[in-house]
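Here's data-v2.csv, which has CSV, C-alpha atoms:
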chain,number,residue,atom,x,y,z
A,27,MET,CA,5.2,47.3,26.6
A,28,THR,CA,3.8,43.8,27.1
A,29,THR,CA,5.6,40.6,27.7
A,30,ARG,CA,4.5,37.1,26.7
A,31,ARG,CA,6.2,33.9,27.9
A,32,THR,CA,6.0,30.9,25.7
A,33,GLY,CA,5.7,27.3,27.0
A,34,ASN,CA,9.4,26.6,26.6
A,35,GLY,CA,10.6,29.7,28.5
A,36,ALA,CA,11.3,32.2,25.7
A,37,ARG,CA,10.3,35.8,26.5
A,38,LEU,CA,8.7,37.6,23.5
A,39,HIS,CA,8.5,41.4,24.1
A,40,SER,CA,6.2,43.7,22.1
A,41,GLU,CA,6.2,47.4,22.2
A,42,GLU,CA,2.9,49.2,22.2
A,43,THR,CA,3.5,49.8,18.5
A,44,GLY,CA,3.2,46.1,17.9
A,45,SER,CA,6.8,45.7,16.7
A,46,PRO,CA,8.2,42.6,18.3
A,47,ARG,CA,11.7,41.7,19.2
A,48,VAL,CA,13.0,38.5,20.7
A,49,MET,CA,14.8,38.4,24.0
A,50,ALA,CA,16.8,35.6,25.5
A,51,ARG,CA,16.9,33.3,22.5
A,52,LYS,CA,16.0,32.8,18.9
A,53,VAL,CA,12.3,32.2,18.0
A,54,THR,CA,11.5,28.6,16.9
A,55,SER,CA,8.6,27.0,15.0
A,56,PHE,CA,7.4,25.7,18.3
A,57,ASP,CA,6.8,29.3,19.5
A,58,ILE,CA,4.8,29.9,16.4
A,59,ALA,CA,2.8,26.7,16.9
A,60,GLN,CA,1.9,27.7,20.5
A,61,MET,CA,0.8,31.2,19.5
A,62,ALA,CA,-1.2,29.9,16.5
A,63,GLY,CA,-2.8,27.0,18.5
A,64,VAL,CA,-1.6,24.3,16.1
A,65,SER,CA,1.0,21.6,16.1
A,66,GLN,CA,4.7,22.2,15.1
A,67,PRO,CA,4.4,19.9,12.0
A,68,THR,CA,1.5,22.1,10.9
A,69,VAL,CA,3.7,25.2,11.1
A,70,SER,CA,6.4,23.4,9.1
A,71,ARG,CA,3.9,22.5,6.4
A,72,ALA,CA,2.3,25.9,6.3
A,73,LEU,CA,5.7,27.7,5.9
A,74,ARG,CA,6.6,25.3,3.1
A,75,GLY,CA,3.4,26.2,1.3
A,76,ASN,CA,2.0,22.6,1.7
A,77,PRO,CA,-1.5,22.5,0.2
A,78,ALA,CA,-2.6,20.2,3.1
A,79,VAL,CA,-2.8,23.3,5.4
A,80,SER,CA,-5.9,25.4,4.9
A,81,GLU,CA,-5.4,28.9,3.5
A,82,GLN,CA,-6.8,30.5,6.7
A,83,THR,CA,-4.4,28.6,8.9
A,84,ARG,CA,-1.5,29.2,6.7
A,85,LYS,CA,-2.1,33.0,6.7
A,86,ARG,CA,-2.4,33.0,10.5
A,87,ILE,CA,0.9,31.2,10.8
A,88,GLU,CA,2.6,33.4,8.3
A,89,ALA,CA,1.4,36.5,10.1
A,90,ILE,CA,2.8,35.3,13.4
A,91,ALA,CA,6.1,34.3,11.8
A,92,GLN,CA,6.4,37.7,10.3
A,93,GLN,CA,5.5,39.4,13.6
A,94,LEU,CA,8.3,37.4,15.3
A,95,HIS,CA,10.8,38.0,12.5
A,96,TYR,CA,11.0,34.2,12.1
A,97,THR,CA,12.9,32.9,9.1
A,98,VAL,CA,13.2,29.3,7.9
A,99,ASP,CA,16.8,27.9,8.1
A,100,LYS,CA,16.7,26.2,4.7
A,101,ASN,CA,20.3,24.8,5.1
A,102,ALA,CA,19.5,23.2,8.4
A,103,SER,CA,16.2,21.8,7.1
A,104,SER,CA,17.9,20.4,4.1
A,105,LEU,CA,20.6,18.8,6.3
A,106,ARG,CA,18.0,17.2,8.5
A,107,ARG,CA,16.3,15.6,5.4
A,108,ARG,CA,19.6,14.3,4.1
A,109,GLU,CA,20.7,12.9,7.4
A,110,SER,CA,17.5,10.9,8.0
A,111,LYS,CA,18.5,8.1,5.5
A,112,THR,CA,15.5,6.1,6.7
A,113,LEU,CA,12.5,4.8,4.8
A,114,ALA,CA,9.3,3.7,6.4
A,115,LEU,CA,7.5,0.5,5.4
A,116,LEU,CA,3.9,0.6,6.5
A,117,LEU,CA,2.0,-2.7,6.3
A,118,PHE,CA,-1.8,-3.1,6.3
A,119,GLU,CA,-3.1,-5.6,8.9
A,120,ASP,CA,-4.5,-8.7,7.1
A,121,PRO,CA,-6.5,-11.4,8.7
A,122,THR,CA,-4.2,-14.4,9.1
A,123,PRO,CA,-4.4,-17.7,11.0
A,124,ASP,CA,-1.3,-16.8,13.0
A,125,ASP,CA,-0.4,-13.7,15.0
A,126,SER,CA,1.6,-12.0,12.2
A,127,LEU,CA,-1.4,-10.2,10.6
A,128,ILE,CA,0.8,-9.9,7.5
A,129,ASN,CA,-0.1,-11.3,4.1
A,130,PRO,CA,2.3,-14.1,3.3
A,131,PHE,CA,3.1,-12.6,0.0
A,132,PHE,CA,4.3,-9.4,1.7
A,133,LEU,CA,6.5,-11.4,4.0
A,134,SER,CA,8.3,-12.8,0.9
A,135,MET,CA,8.7,-9.2,-0.3
A,136,LEU,CA,10.0,-7.9,3.0
A,137,GLY,CA,13.4,-9.5,2.7
A,138,SER,CA,14.0,-7.9,-0.7
A,139,ILE,CA,13.0,-4.4,0.6
A,140,THR,CA,15.2,-4.7,3.6
A,141,ARG,CA,18.2,-5.9,1.6
A,142,THR,CA,17.8,-3.2,-1.1
A,143,CYS,CA,17.6,-0.5,1.6
A,144,ALA,CA,20.8,-1.7,3.1
A,145,LEU,CA,22.5,-1.8,-0.3
A,146,ARG,CA,21.4,1.8,-0.9
A,147,GLY,CA,22.6,3.0,2.5
A,148,TYR,CA,19.2,3.4,4.1
A,149,ASP,CA,17.7,2.2,7.3
A,150,LEU,CA,14.1,0.7,7.3
A,151,LEU,CA,11.4,1.5,9.8
A,152,ILE,CA,8.6,-1.1,9.8
A,153,SER,CA,5.2,-0.5,11.2
A,154,PHE,CA,1.5,-1.3,10.7
A,155,GLN,CA,-0.6,1.3,9.1
A,156,GLN,CA,-2.8,2.8,11.8
A,157,LEU,CA,-5.9,3.8,9.8
A,158,SER,CA,-7.6,5.3,12.9
A,159,SER,CA,-4.8,7.9,13.3
A,160,ASP,CA,-2.9,10.3,11.1
A,161,TRP,CA,-0.1,7.9,10.1
A,162,HIS,CA,-0.1,9.6,6.7
A,163,VAL,CA,0.8,13.0,8.1
A,164,ASP,CA,3.9,13.1,10.3
A,165,TYR,CA,6.6,10.7,8.9
A,166,GLU,CA,8.4,13.3,6.8
A,167,ASP,CA,7.5,16.3,8.9
A,168,SER,CA,8.9,14.7,12.1
A,169,HIS,CA,11.9,13.4,10.1
A,170,LYS,CA,11.2,9.8,11.1
A,171,ALA,CA,11.6,8.8,7.4
A,172,ASP,CA,12.3,10.4,4.1
A,173,GLY,CA,9.5,8.5,2.4
A,174,LEU,CA,6.9,5.7,2.7
A,175,ILE,CA,6.4,2.3,1.2
A,176,LEU,CA,2.8,1.1,1.5
A,177,LEU,CA,1.8,-2.6,1.4
A,178,GLY,CA,-1.8,-3.6,1.5
A,179,TYR,CA,-5.0,-1.5,1.7
A,180,GLY,CA,-8.1,-3.3,2.8
A,181,ASP,CA,-11.0,-1.7,0.8
A,182,TYR,CA,-9.3,0.4,-1.8
A,183,ASP,CA,-12.3,2.6,-2.4
A,184,GLU,CA,-11.9,3.8,1.2
A,185,TYR,CA,-8.1,3.7,1.3
A,186,ALA,CA,-7.9,5.9,-1.8
A,187,GLN,CA,-8.9,8.9,0.3
A,188,ARG,CA,-5.7,8.5,2.4
A,189,LEU,CA,-3.7,8.3,-0.8
A,190,ASP,CA,-5.2,11.6,-2.0
A,191,GLN,CA,-4.2,13.3,1.2
A,192,LEU,CA,-0.6,12.0,0.8
A,193,VAL,CA,-0.5,13.4,-2.7
A,194,ALA,CA,-1.9,16.7,-1.7
A,195,GLN,CA,0.6,17.3,1.1
A,196,GLY,CA,3.5,16.3,-1.0
A,197,THR,CA,4.6,13.2,0.9
A,198,HIS,CA,7.1,11.0,-0.9
A,199,PHE,CA,5.5,7.6,-1.1
A,200,VAL,CA,5.1,4.5,-3.3
A,201,ARG,CA,2.7,1.7,-2.9
A,202,TRP,CA,2.4,-1.9,-4.1
A,203,GLY,CA,-0.9,-2.6,-5.9
A,204,SER,CA,-2.8,-2.4,-9.1
A,205,VAL,CA,-1.5,0.3,-11.5
A,206,GLN,CA,-4.6,2.3,-12.4
A,207,PRO,CA,-4.7,4.7,-15.4
A,208,ASN,CA,-4.3,8.3,-14.6
A,209,ALA,CA,-3.6,7.6,-10.9
A,210,ALA,CA,-1.9,10.5,-9.1
A,211,GLU,CA,0.4,8.3,-7.0
A,212,THR,CA,3.3,6.2,-8.1
A,213,VAL,CA,2.6,2.4,-7.9
A,214,VAL,CA,4.6,-0.7,-8.4
A,215,GLY,CA,2.6,-3.8,-9.2
A,216,CYS,CA,2.2,-7.0,-11.1
A,217,ASP,CA,0.5,-7.5,-14.4
A,218,ASN,CA,-2.6,-9.0,-12.9
A,219,ILE,CA,-4.6,-9.1,-16.1
A,220,GLN,CA,-1.9,-11.0,-17.9
A,221,GLY,CA,-1.5,-13.4,-15.0
A,222,GLY,CA,-5.2,-14.1,-14.8
A,223,ARG,CA,-5.3,-14.6,-18.6
A,224,ALA,CA,-2.3,-17.0,-18.6
A,225,VAL,CA,-3.6,-19.3,-15.8
A,226,THR,CA,-7.0,-19.5,-17.4
A,227,GLN,CA,-5.6,-20.3,-20.8
A,228,HIS,CA,-3.5,-23.0,-19.2
A,229,LEU,CA,-6.7,-24.7,-17.9
A,230,ILE,CA,-8.4,-24.3,-21.3
A,231,GLU,CA,-5.4,-26.0,-23.0
A,232,ARG,CA,-5.8,-28.8,-20.5
A,233,GLY,CA,-9.3,-29.4,-21.8
A,234,ARG,CA,-11.3,-27.6,-19.0
A,235,ARG,CA,-14.4,-25.9,-20.2
A,236,LYS,CA,-16.5,-25.0,-17.1
A,237,ILE,CA,-14.1,-22.8,-15.2
A,238,ALA,CA,-15.2,-21.0,-12.0
A,239,PHE,CA,-13.6,-18.0,-10.4
A,240,LEU,CA,-13.2,-17.4,-6.6
A,241,GLY,CA,-12.3,-13.8,-5.5
A,242,THR,CA,-13.9,-10.5,-4.9
A,243,ALA,CA,-13.8,-8.7,-8.3
A,244,THR,CA,-14.8,-5.1,-7.4
A,245,SER,CA,-13.3,-1.6,-7.4
A,246,GLY,CA,-12.6,-2.1,-3.7
A,247,SER,CA,-10.2,-5.0,-4.7
A,248,PRO,CA,-8.6,-3.8,-7.9
A,249,GLU,CA,-5.9,-6.5,-8.0
A,250,PHE,CA,-8.5,-9.2,-7.8
A,251,LEU,CA,-10.6,-7.4,-10.3
A,252,ASP,CA,-7.7,-7.3,-12.8
A,253,ARG,CA,-7.2,-11.0,-12.3
A,254,TYR,CA,-10.9,-11.6,-13.0
A,255,ARG,CA,-10.6,-9.5,-16.2
A,256,GLY,CA,-7.8,-11.7,-17.4
A,257,TYR,CA,-9.8,-14.8,-16.6
A,258,ALA,CA,-12.8,-13.3,-18.6
A,259,ASP,CA,-10.5,-12.4,-21.5
A,260,ALA,CA,-9.2,-15.9,-21.8
A,261,LEU,CA,-12.7,-17.4,-21.8
A,262,ALA,CA,-13.8,-15.0,-24.5
A,263,LEU,CA,-10.8,-15.7,-26.7
A,264,ALA,CA,-11.6,-19.4,-26.4
A,265,GLY,CA,-15.3,-18.9,-27.2
A,266,LEU,CA,-16.4,-19.8,-23.7
A,267,GLU,CA,-18.9,-17.8,-21.7
A,268,LYS,CA,-18.3,-16.6,-18.2
A,269,SER,CA,-21.2,-17.5,-15.9
A,270,GLU,CA,-22.3,-15.6,-12.8
A,271,PRO,CA,-23.2,-18.8,-11.0
A,272,LEU,CA,-19.5,-19.8,-11.4
A,273,HIS,CA,-18.2,-16.7,-9.5
A,274,CYS,CA,-18.1,-16.4,-5.7
A,275,ASP,CA,-16.6,-13.5,-3.8
A,276,ALA,CA,-13.7,-14.2,-1.4
A,277,ILE,CA,-11.0,-12.2,0.3
A,278,SER,CA,-7.4,-13.6,0.5
A,279,THR,CA,-7.8,-16.1,3.4
A,280,GLU,CA,-8.1,-19.9,3.5
A,281,THR,CA,-11.4,-19.5,5.4
A,282,ASP,CA,-12.9,-17.4,2.7
A,283,GLY,CA,-11.7,-19.7,0.0
A,284,TYR,CA,-13.2,-22.7,1.9
A,285,ASN,CA,-16.5,-20.9,2.3
A,286,ALA,CA,-16.6,-19.7,-1.3
A,287,MET,CA,-16.1,-23.2,-2.5
A,288,VAL,CA,-18.8,-24.6,-0.2
A,289,ASN,CA,-21.1,-21.9,-1.6
A,290,LEU,CA,-20.3,-22.9,-5.2
A,291,LEU,CA,-21.0,-26.6,-4.5
A,292,GLN,CA,-24.3,-25.8,-2.8
A,293,ARG,CA,-25.4,-23.9,-5.9
A,294,GLY,CA,-25.3,-27.2,-7.8
A,295,ALA,CA,-23.2,-25.6,-10.5
A,296,THR,CA,-21.3,-27.8,-12.9
A,297,PHE,CA,-17.5,-26.9,-13.1
A,298,ASP,CA,-14.3,-28.8,-13.9
A,299,ALA,CA,-11.8,-26.1,-12.9
A,300,VAL,CA,-11.4,-23.2,-10.6
A,301,VAL,CA,-9.3,-20.0,-11.0
A,302,THR,CA,-8.7,-18.4,-7.6
A,303,ALA,CA,-7.5,-14.8,-7.0
A,304,SER,CA,-4.9,-15.9,-4.4
A,305,ASP,CA,-3.0,-19.0,-3.2
A,306,LEU,CA,-4.7,-18.7,0.2
A,307,ILE,CA,-8.2,-18.9,-1.4
A,308,ALA,CA,-7.0,-21.9,-3.5
A,309,VAL,CA,-5.8,-23.8,-0.4
A,310,GLY,CA,-9.2,-23.3,1.3
A,311,ALA,CA,-11.0,-24.3,-1.9
A,312,ILE,CA,-9.1,-27.5,-2.2
A,313,ARG,CA,-10.0,-28.5,1.4
A,314,ALA,CA,-13.7,-27.9,0.7
A,315,LEU,CA,-13.5,-30.0,-2.5
A,316,LYS,CA,-11.8,-32.9,-0.6
A,317,GLU,CA,-14.5,-32.8,2.1
A,318,ALA,CA,-17.1,-32.9,-0.7
A,319,GLY,CA,-15.5,-36.0,-2.2
A,320,ARG,CA,-14.1,-34.2,-5.3
A,321,LEU,CA,-10.7,-35.2,-6.4
A,322,VAL,CA,-8.1,-32.5,-7.4
A,323,PRO,CA,-7.2,-32.4,-10.2
A,324,GLU,CA,-9.1,-35.4,-11.6
A,325,ASP,CA,-12.6,-33.9,-11.0
A,326,VAL,CA,-11.7,-30.3,-10.5
A,327,ALA,CA,-8.4,-28.5,-11.4
A,328,VAL,CA,-7.5,-25.6,-9.1
A,329,THR,CA,-5.1,-22.7,-9.6
A,330,GLY,CA,-3.9,-19.9,-7.4
A,331,PHE,CA,-2.1,-16.6,-7.6
A,332,ASP,CA,1.1,-15.2,-5.8
A,333,ASP,CA,3.2,-18.4,-5.5
A,334,ILE,CA,3.7,-18.1,-1.7
A,335,LEU,CA,5.5,-20.9,0.1
A,336,ALA,CA,2.2,-22.7,0.9
A,337,ALA,CA,1.6,-23.1,-2.8
A,338,SER,CA,4.4,-25.6,-3.4
A,339,MET,CA,3.6,-27.4,-0.1
A,340,ALA,CA,-0.1,-27.9,-0.8
A,341,ILE,CA,-1.5,-31.4,-1.5
A,342,PRO,CA,-1.5,-31.5,-4.5
A,343,PRO,CA,1.1,-28.8,-5.1
A,344,LEU,CA,-0.6,-25.7,-6.5
A,345,THR,CA,-0.4,-24.4,-10.1
A,346,THR,CA,-0.2,-20.6,-9.6
A,347,VAL,CA,0.9,-17.3,-11.0
A,348,ALA,CA,4.2,-16.1,-9.5
A,349,GLN,CA,4.8,-12.5,-8.7
A,350,ASP,CA,8.6,-11.6,-8.5
A,351,SER,CA,8.9,-10.5,-4.9
A,352,ARG,CA,12.6,-9.8,-5.2
A,353,ALA,CA,12.1,-7.5,-8.2
A,354,ALA,CA,9.1,-6.0,-6.5
A,355,GLY,CA,11.1,-5.0,-3.4
A,356,GLU,CA,13.9,-3.6,-5.4
A,357,ALA,CA,11.5,-1.6,-7.6
A,358,LEU,CA,9.6,-0.2,-4.5
A,359,VAL,CA,12.8,1.1,-2.9
A,360,ASP,CA,14.5,2.5,-6.0
A,361,THR,CA,11.3,4.2,-7.1
A,362,LEU,CA,10.8,5.8,-3.7
A,363,LEU,CA,14.4,7.0,-3.7
A,364,ALA,CA,13.9,8.5,-7.1
A,365,LEU,CA,10.9,10.4,-5.9
A,366,ILE,CA,12.9,11.7,-2.8
A,367,ARG,CA,15.6,13.0,-5.2
A,368,GLY,CA,13.0,14.7,-7.3
A,369,ASP,CA,13.5,12.5,-10.3
A,370,SER,CA,10.8,11.2,-12.6
A,371,ALA,CA,9.4,8.0,-11.3
A,372,PRO,CA,6.6,6.5,-13.3
A,373,SER,CA,4.6,3.5,-12.1
A,374,ILE,CA,6.0,0.1,-12.9
A,375,VAL,CA,4.1,-3.0,-14.0
A,376,LEU,CA,6.1,-6.2,-13.4
A,377,PRO,CA,5.4,-9.4,-15.5
A,378,ALA,CA,3.6,-12.3,-14.0
A,379,ARG,CA,4.9,-15.9,-14.5
A,380,LEU,CA,2.8,-19.1,-14.7
A,381,VAL,CA,4.1,-21.9,-12.5
A,382,VAL,CA,2.6,-25.3,-13.4
A,383,ARG,CA,2.2,-27.9,-10.7
A,384,SER,CA,0.0,-31.0,-10.3
A,385,SER,CA,-3.2,-29.3,-9.1
A,386,SER,CA,-4.2,-28.4,-12.6
A,387,GLY,CA,-3.8,-31.9,-14.0
Structure encoded using structure tokens:
Amino acid sequence: MTTRRTGNGARLHSEETGSPRVMARKVTSFDIAQMAGVSQPTVSRALRGNPAVSEQTRKRIEAIAQQLHYTVDKNASSLRRRESKTLALLLFEDPTPDDSLINPFFLSMLGSITRTCALRGYDLLISFQQLSSDWHVDYEDSHKADGLILLGYGDYDEYAQRLDQLVAQGTHFVRWGSVQPNAAETVVGCDNIQGGRAVTQHLIERGRRKIAFLGTATSGSPEFLDRYRGYADALALAGLEKSEPLHCDAISTETDGYNAMVNLLQRGATFDAVVTASDLIAVGAIRALKEAGRLVPEDVAVTGFDDILAASMAIPPLTTVAQDSRAAGEALVDTLLALIRGDSAPSIVLPARLVVRSSSG
């Protein structure tokens, strides 16, 4: 007979026949993890049949569990899940002029998410997404939270790989963003195409004909791309052509908006209006126009998107597209809770609303 002592003091005895029996106490998943050379969350996922664990690792863990006569206490596991009553809100770090590193639009949504969690009887855990670590792995397995709300993403083409991993391992999560056709994950977002179309049509109705667009319109920025598509649709409906010299890339910061407008002016392009992909871009663009001696809105009308607090306080106050942050927060929480319950939870597209102020004339 041989004896093996695990790291937490349990003595696991095996006869020469290989049939094990446990002395001193009941075997736990931590014992299996030590013998398999993996983490305890990996053992939990493997024994639940989670596809995120490779078949080779799963078979090794199952063999050790069978050898030790280990069985999953489904009642205890279910109880732990019910008693968590916590959701995790993970924010992407955005470049900001202050120390918050949080997009101002997400700040406006935070209050609604917090309030809705409280009304539904859930606590809210708030953290930044640590893209250099496995933040996407252990929230449910460690029972920190029953599910995740994701705000922001950086370059979506790179971020989508993390979303695929979340889907594959069966994590309950919902994200804010552009609702893409045939997407595997559940998304709550704004109708960005409709918003881009509405604000461009507004400028056309005001007599503007040479309308520029500031914002990075690529697959890596799907929300900006949808806003650009709405802008292009409105131009086409009015019989106006979109022009590449009238489009400058910019991420959602005042600095990028300022630099994009300087770039546009240096090209010598003729324009009488600018649609921007966010309010922050618009605020930076207005500053560059003023420095160049262009009057807003007399010479150039400027519009934004989001309707953050800075939009109404800009000089002149900014015409923009409002996203309903209160409805967004409620939808994110309620959709996630539906997923946790195992209910059907399709993606949701919320309507955009044009807010007219004096920056558009």
Given all atoms listed in the file as the counted atoms, nearest of A:Tyr185, A:Phe56, A:Phe118, A:Tyr148 to Ile90 (chain A):
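Counting all atoms listed in the file, the residue closest to Ile90 (chain A) is A:Phe56.
For the residues A:Gly294, A:Leu358, A:Gly147, A:Ile87, ranking by smallest atom-to-atom distance to Lys111 (chain A) using all atoms listed in the file places A:Gly147 first.
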Could you state the separation of CA of Pro67 (chain A) and CA of Gly173 (chain A) in Å, given to one decimal place?
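CA of Gly173 (chain A) lies 15.8 Å from CA of Pro67 (chain A).
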Could you work out how far CA of Arg383 (chain A) lies from CA of Leu290 (chain A), giving the answer in Å with one decimal?
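CA of Arg383 (chain A) lies 23.7 Å from CA of Leu290 (chain A).
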Quick one: of A:Asp172, A:Ala114, A:Ala311, A:Arg234, who's nearest to Arg367 (chain A), counting only C-alpha atoms?
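Of A:Asp172, A:Ala114, A:Ala311, A:Arg234, the one nearest Arg367 (chain A), counting only C-alpha atoms, is A:Asp172.
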Within-12 Å shell of (11.2, -4.2, 6.6) in input frame, all atoms listed in the file, as a VMD selection string
chain A and resid 112 to 117 128 132 to 144 148 to 154 174 to 177 355 358 to 359
Can you tell me, as a ChimeraX atom specification, what residues are no more than 12 Å from Ala186 (chain A) when counting all atoms listed in the file, ignoring any on the same chain fewer than 4 positions away?
/A:157,178-182,190-193,201,203,206,209-211,245-248
Just give me the gap between CA of Leu263 (chain A) and CA of Ala286 (chain A) in Å, one decimal is fine.
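Here the two named atoms are 26.4 Å from each other.
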Calculated over all atoms listed in the file, which of the candidates A:Met61, A:Val309, A:Val382, A:Ala357 has the smallest distance to Met339 (chain A)?
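Once distances to Met339 (chain A) are computed over all atoms listed in the file, the minimum belongs to A:Val309.
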Using all atoms listed in the file for the distances, tell me which of A:Arg255, A:Lys85, A:His95, A:Arg320 is nearest to Phe297 (chain A).
A:Arg320
